[in-house]
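What follows is a short report on a single structure.
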Amino acid sequence: MMKKLMSRAAAATLALALGIVTCGAGAAQAAEPAPSAHDLTVGYTVSGAKAKGYAGLVAIHAKNVGSERYYSEFPAISFRIDVKTDNGPQGVDRVITPGWFNGAYTQDLGFDEKTSTRSFMVTLSNPVEAGQDQLIANLNFGDGLTKEGRLTNYITVTQVGRLDDDKSTGNDQNVDSRQNTTTDFQNPSPGIF
Amino acid sequence: MKLTGKMAGILGGSALLVGLAASPANATTIENHYPETPALNPTLPIVNTYHGSDHIKPNVLNPHPVCNALEDRRTVVYKVNDNFSPVGTISTTNHTTKDIPLTQETSKSQTINISVNGEQGNSTTINAGASKDGGTFGIAEEISKKIGFEASYQLSWNAGQTIGPYDVPPGYTGEATYGFRTVTMSGTQQICGADGRWTNPTAWNAFVPVKNEVEVKLYNNPADS
């Protein structure tokens, strides 16, 4: 999987996207008064060379902002990724190839034409250590130029499977890429792909 | 999807095809409507198909591992489909004016086998008890048992099973389709990496015969067949 993505990324002259992705920052961290023991938040990184509506990779990270390691074998810790249409024809699908890292697995749940949303489900199998920003998945967008016009997308991620004592939902429900995306060099990015 | 498969099996006899062609007035296209986004089943189990030691050992690379390095294996099932695979059909049409108590006998000999793709490890905890052709049967059987199906390595139909009697009203056709009830499981398999964390998953699926099954139906409209 990794190798396949690598070659594809290289072909798309976006080799930087994968290599530097690991140093990506998490989401804009809300200043919470008392961090809870178990809490995950989601962030996005993208290559600075990725242009809106063109092909390229977007990396999705889960950052442990709690004070203890985040792990549960069953029920598994999982995230739902929704890729929605930002601009362009509604209800038009785009070629998106998911990738998975660090023992996570990304399932493609298909495209819902009514809401113009393509969904994925990421299931983790490894712990996220305290303070760690773990790369869990990436999405390889195909070219957004369709017959009906150029498509641009944004992403929201929602944590579905969680630990029982993870009560803070402010930073892991419908995390919008338009507010939480940086480039691989930590510069702000519009979060539209 | 399921319907077309069933149709293909049932429409073996050309008599039914003729019947369908003879009524073009209400011809409709058969469409299967289902949401493309399937409902996930979060209660499907994670099966540690092989767990060597009875406790988790730390290693040089990871002081706090979740599995035993290069030793443990696990399988996660994400989706289970319950299917009916038809083998043969007998149908009887009642052209009389009275009900007929119909008894039918299945007549075909057919065997179905378990099959597993993308297998990563040949070890399960159950292999010692029931080993058939290495670990393939073991993993699939173990997992289908966890899900709630009683798996079978090999199922076969033999001539001579009797179905019925059941009443067929005038003008109706009584049809017995016999075949196998099967379960298709798809998911991923992982082995424990050198640092005591699960490696990236690989795809896995299994086709498991569960039991012999007969579906009986009555119809007077060819479209219902």
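Residues in the structure tokens are named by chain (A, B, ... in the order shown) and by number from 1 within that chain; ligands are numbered from 1 in the order shown.
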Contacts of chain A with chain B up to 7 Å, shortest pair per row, only C-alpha atoms, as a tab-separated table:
residue	atom	partner	partner_atom	distance
A:Phe101	CA	B:Asn200	CA	6.3
A:Asn102	CA	B:Asn200	CA	6.2
A:Gly103	CA	B:Asn200	CA	4.3
A:Ala104	CA	B:Asn200	CA	6.6
A:Tyr105	CA	B:Pro201	CA	6.5
A:Leu109	CA	B:Thr37	CA	5.0
A:Gly110	CA	B:Thr37	CA	5.0
A:Phe111	CA	B:Glu36	CA	6.3
A:Asp112	CA	B:Glu36	CA	6.7
A:Ser125	CA	B:Trp198	CA	6.6
A:Asn126	CA	B:Arg197	CA	6.1
What does the file look like for those residues with C-alpha atoms, as a short mmCIF file (atom, residue, chain, number, x, y, z; two decimals), in the first residue's frame?
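Contents of part-v8.cif, freshly written:
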data_model
loop_
_atom_site.label_atom_id
_atom_site.label_comp_id
_atom_site.auth_asym_id
_atom_site.auth_seq_id
_atom_site.Cartn_x
_atom_site.Cartn_y
_atom_site.Cartn_z
CA PHE A 101 -0.70 3.87 8.21
CA ASN A 102 0.41 2.73 11.65
CA GLY A 103 -1.90 -0.27 11.73
CA ALA A 104 -5.04 1.70 10.93
CA TYR A 105 -7.36 0.50 8.20
CA LEU A 109 -18.03 3.37 2.51
CA GLY A 110 -19.10 4.73 -0.86
CA PHE A 111 -20.61 7.88 -2.25
CA ASP A 112 -23.94 9.36 -1.25
CA SER A 125 -5.43 -0.94 15.94
CA ASN A 126 -2.48 0.66 17.71
#
Exercise. If you count only C-alpha atoms, which residues fall within 9 Å of Gly66 in chain A, apart from same-chain ones fewer than 2 positions away, as a PyMOL selection string?
Worked result: chain A and resi 35-40+63-64+68-70+130-131
Go ahead and save the residues from that selection, with N, CA, C and O atoms, as an mmCIF file, in the first residue's frame.
data_model
loop_
_atom_site.group_PDB
_atom_site.id
_atom_site.type_symbol
_atom_site.label_atom_id
_atom_site.label_comp_id
_atom_site.auth_asym_id
_atom_site.auth_seq_id
_atom_site.Cartn_x
_atom_site.Cartn_y
_atom_site.Cartn_z
ATOM 1 N N PRO A 35 -6.887 19.549 30.742
ATOM 2 C CA PRO A 35 -6.900 18.463 29.759
ATOM 3 C C PRO A 35 -7.291 17.160 30.428
ATOM 4 O O PRO A 35 -6.844 16.825 31.516
ATOM 5 N N SER A 36 -8.179 16.426 29.751
ATOM 6 C CA SER A 36 -8.627 15.169 30.333
ATOM 7 C C SER A 36 -7.597 14.078 30.053
ATOM 8 O O SER A 36 -6.655 14.265 29.293
ATOM 9 N N ALA A 37 -7.797 12.936 30.667
ATOM 10 C CA ALA A 37 -6.823 11.864 30.528
ATOM 11 C C ALA A 37 -6.804 11.315 29.113
ATOM 12 O O ALA A 37 -5.759 11.041 28.549
ATOM 13 N N HIS A 38 -7.980 11.141 28.549
ATOM 14 C CA HIS A 38 -8.070 10.560 27.214
ATOM 15 C C HIS A 38 -8.794 11.531 26.293
ATOM 16 O O HIS A 38 -9.952 11.858 26.518
ATOM 17 N N ASP A 39 -8.105 11.962 25.268
ATOM 18 C CA ASP A 39 -8.706 12.904 24.335
ATOM 19 C C ASP A 39 -7.910 12.870 23.042
ATOM 20 O O ASP A 39 -6.685 12.986 23.055
ATOM 21 N N LEU A 40 -8.608 12.690 21.935
ATOM 22 C CA LEU A 40 -7.957 12.737 20.630
ATOM 23 C C LEU A 40 -8.509 13.910 19.840
ATOM 24 O O LEU A 40 -9.657 14.279 19.975
ATOM 25 N N LYS A 63 -4.165 13.295 16.947
ATOM 26 C CA LYS A 63 -3.218 13.720 17.967
ATOM 27 C C LYS A 63 -3.801 13.469 19.339
ATOM 28 O O LYS A 63 -4.965 13.796 19.596
ATOM 29 N N ASN A 64 -2.984 12.890 20.194
ATOM 30 C CA ASN A 64 -3.412 12.633 21.562
ATOM 31 C C ASN A 64 -3.139 13.881 22.394
ATOM 32 O O ASN A 64 -1.989 14.191 22.687
ATOM 33 N N GLU A 68 -2.813 10.570 28.934
ATOM 34 C CA GLU A 68 -2.481 9.145 28.936
ATOM 35 C C GLU A 68 -2.600 8.582 27.536
ATOM 36 O O GLU A 68 -3.231 9.177 26.669
ATOM 37 N N ARG A 69 -1.999 7.397 27.344
ATOM 38 C CA ARG A 69 -2.086 6.766 26.028
ATOM 39 C C ARG A 69 -3.521 6.396 25.710
ATOM 40 O O ARG A 69 -4.305 6.073 26.600
ATOM 41 N N TYR A 70 -3.844 6.476 24.439
ATOM 42 C CA TYR A 70 -5.220 6.262 23.995
ATOM 43 C C TYR A 70 -5.271 4.929 23.287
ATOM 44 O O TYR A 70 -4.736 4.774 22.195
ATOM 45 N N ALA A 130 0.597 9.509 24.550
ATOM 46 C CA ALA A 130 0.286 10.877 24.980
ATOM 47 C C ALA A 130 1.200 11.852 24.239
ATOM 48 O O ALA A 130 2.422 11.672 24.184
ATOM 49 N N GLY A 131 0.609 12.857 23.664
ATOM 50 C CA GLY A 131 1.382 13.874 22.955
ATOM 51 C C GLY A 131 1.741 13.502 21.532
ATOM 52 O O GLY A 131 2.239 14.331 20.785
#
Exercise. Using only C-alpha atoms, which residue out of A:Thr152, A:Thr97, A:Ser78, A:Ser168 lies closest to Lys52 in chain A?
Worked result: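 That would be A:Thr152, the residue with the smallest distance to Lys52 in chain A.
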Exercise. Any idea what the distance is between CA of Glu73 in chain A and CA of Met185 in chain B?
Worked result: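 CA of Glu73 in chain A sits 20.2 Å away from CA of Met185 in chain B.
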Problem set entry | Polymer residues at most 12 Å from range 117-119 of chain A, only C-alpha atoms, same-chain spacing of 5 or more positions, as a VMD selection string | (chain A and resid 79 to 86 90 to 98 106 to 112 139 141 153 to 158) or (chain B and resid 36 to 39)
For this session: Using only C-alpha atoms, determine which residues lie at most 9 Å from Ala176 in chain B, disregarding the query and same-chain residues fewer than 6 positions distant; provide the list as a PyMOL selection string.
Result: chain B and resi 88-92+104-106+163+214-218
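Each of B:Phe207, B:Tyr50, B:Phe84, B:Tyr178 was checked against Asn158 in chain B using only C-alpha atoms; the smallest atom-to-atom distance is that of B:Tyr178.
Atom pair CA of Pro75 in chain A / CA of Ala62 in chain A: separated by 17.5 Å.
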Problem set entry | range 134-184 of chain B: residues DSSP assigns to helix (DSSP H, G or I), reported as a ChimeraX atom specification | /B:136-147
Exercise. Quick one, how far is CA of Arg162 in chain A from CA of Pro58 in chain B?
Worked result: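 It comes out at 25.6 Å.
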Problem set entry | Lys145 in chain B surroundings by only C-alpha atoms, 12 Å radius, close-in-sequence under 2 positions cut, as JSON, numbers by chain | {"B": [44, 45, 47, 126, 137, 138, 139, 140, 141, 142, 143, 147, 148, 149, 150, 151, 152, 183, 185, 208, 210]}
For this session: Assign secondary structure with DSSP using the backbone only, and return the residues of range 31-212 of chain B in strand (DSSP E) as JSON, numbers by chain.
Result: {"B": [46, 47, 48, 49, 50, 73, 74, 75, 76, 77, 78, 79, 80, 81, 82, 83, 84, 85, 86, 87, 88, 89, 90, 91, 92, 93, 100, 101, 102, 103, 104, 105, 110, 111, 112, 113, 115, 116, 117, 154, 155, 156, 157, 162, 163, 164, 165, 166, 167, 168, 173, 174, 175, 176, 177, 178, 179, 180, 181, 182, 183, 184, 185, 186, 187, 188, 189, 190, 191, 202, 203, 204, 205, 206, 207, 208, 209, 210, 211, 212]}
